[in-house]
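> The structure under discussion is supplied below as structure tokens; questions concerning it will follow.
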Amino acid sequence: MVKIGPLPGGARWGYDDMALTSIEFGVRLKGYREGRRVSQSKLAERAEFDHSYVSRLESGSRMPTRDAVERLAAALALTQPEQDGLLAAAGFLPRDVVSLLSDEPVIGEVLDLLQNDAVPVEYRDNMRQVLHLLAEQARLAMGVGVVGLSGVAA
């Protein structure tokens, strides 16, 4: 699916991916809520939402805003990794991307290097170009359209 562009607070994907994202978010939210033995009504009250909004989120018929995800996470007293997972499930960038990469330590290390000002800018730019080319190769292997370095579809 084609990325439709960045939005405030994170990126959203095309329609098919959004439907899957809303279902994943709903399942995750429900799991956290039930794991803490909190009713939909009580969660809605704590987060200052209408009960029907929480129900629609859990069923996947609505997608939350970033603010809504953060309010729900606070109302459930989620840990930071849980909050980041909930944000990611809703299609938003988490506060701590590295927490989502616990199964991919090399990617976490690369991210740290890219953000480290002690690494010369030229090296960081080269790393970004290599990562971009690797991503293009993966998309080609999957048969998905590729956007070149110039921003024009290849």
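Residues are named by chain letter and number: chains run A, B, ... in the order of the structure tokens, numbers start at 1 in each chain, and ligands are numbered from 1 in the order shown.
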So that I can check the surroundings of region 80-87 of chain A, please list as a PyMOL selection string every protein, DNA and RNA residue that reaches within 8 Å of it, counting only C-alpha atoms and ignoring chain neighbours fewer than 5 positions away.

chain A and resi 25+28-29+66+69-70+73+92-97+99-100

> When you look at region 38-52 of chain A with a cut-off of 7 Å (counting only C-alpha atoms), what residues show up, excluding the ones that are within fewer than 6 positions of it in the same chain? I need them as a list in words.

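The residues satisfying every condition are Arg71, Leu72 and Ala75 of chain A.
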
> Just give me the gap between CA of Asp112 (chain A) and CA of Leu78 (chain A) in Å, one decimal is fine.

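Going from CA of Asp112 (chain A) over to CA of Leu78 (chain A), I get 24.9 Å.
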
> Using only C-alpha atoms, determine which residues lie at most 10 Å from Lys30 (chain A), disregarding the query and same-chain residues fewer than 6 positions distant; provide the list as a VMD selection string.

chain A and resid 24 36 38 to 40 54 to 55 57 to 59

> Write a file of the selected residues as a tab-separated table (two decimals), in the first residue's frame, keeping N, CA and C atoms.


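Okay, out_17.tsv is ready:
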```
chain	number	residue	atom	x	y	z
A	24	GLU	N	-6.09	-3.98	14.79
A	24	GLU	CA	-4.98	-4.29	15.69
A	24	GLU	C	-5.02	-3.39	16.92
A	36	ARG	N	-6.42	-5.26	32.99
A	36	ARG	CA	-6.45	-4.42	34.19
A	36	ARG	C	-7.82	-4.44	34.85
A	38	VAL	N	-10.77	-3.38	33.84
A	38	VAL	CA	-11.45	-2.09	33.74
A	38	VAL	C	-12.54	-2.21	32.69
A	39	SER	N	-13.74	-1.77	33.02
A	39	SER	CA	-14.84	-1.82	32.04
A	39	SER	C	-14.66	-0.71	31.00
A	40	GLN	N	-15.35	-0.86	29.88
A	40	GLN	CA	-15.32	0.19	28.86
A	40	GLN	C	-15.83	1.51	29.44
A	54	VAL	N	-15.08	4.35	23.19
A	54	VAL	CA	-14.19	3.24	23.55
A	54	VAL	C	-14.67	1.97	22.86
A	55	SER	N	-15.97	1.76	22.85
A	55	SER	CA	-16.53	0.58	22.18
A	55	SER	C	-16.19	0.57	20.70
A	57	LEU	N	-13.69	2.11	19.25
A	57	LEU	CA	-12.25	1.91	19.09
A	57	LEU	C	-11.92	0.42	19.17
A	58	GLU	N	-12.48	-0.25	20.17
A	58	GLU	CA	-12.17	-1.67	20.35
A	58	GLU	C	-12.71	-2.53	19.22
A	59	SER	N	-13.81	-2.13	18.62
A	59	SER	CA	-14.38	-2.92	17.51
A	59	SER	C	-13.67	-2.64	16.19
```

> Rounded to one decimal in Å, what is the spacing between CA of Ser61 (chain A) and CA of Ser22 (chain A)?

7.1 Å

> Go through A:Val110, A:Ala74, A:Met63, A:Ala88 and flag the residue nearest Val130 (chain A), using only C-alpha atoms for the distances.

A:Val110
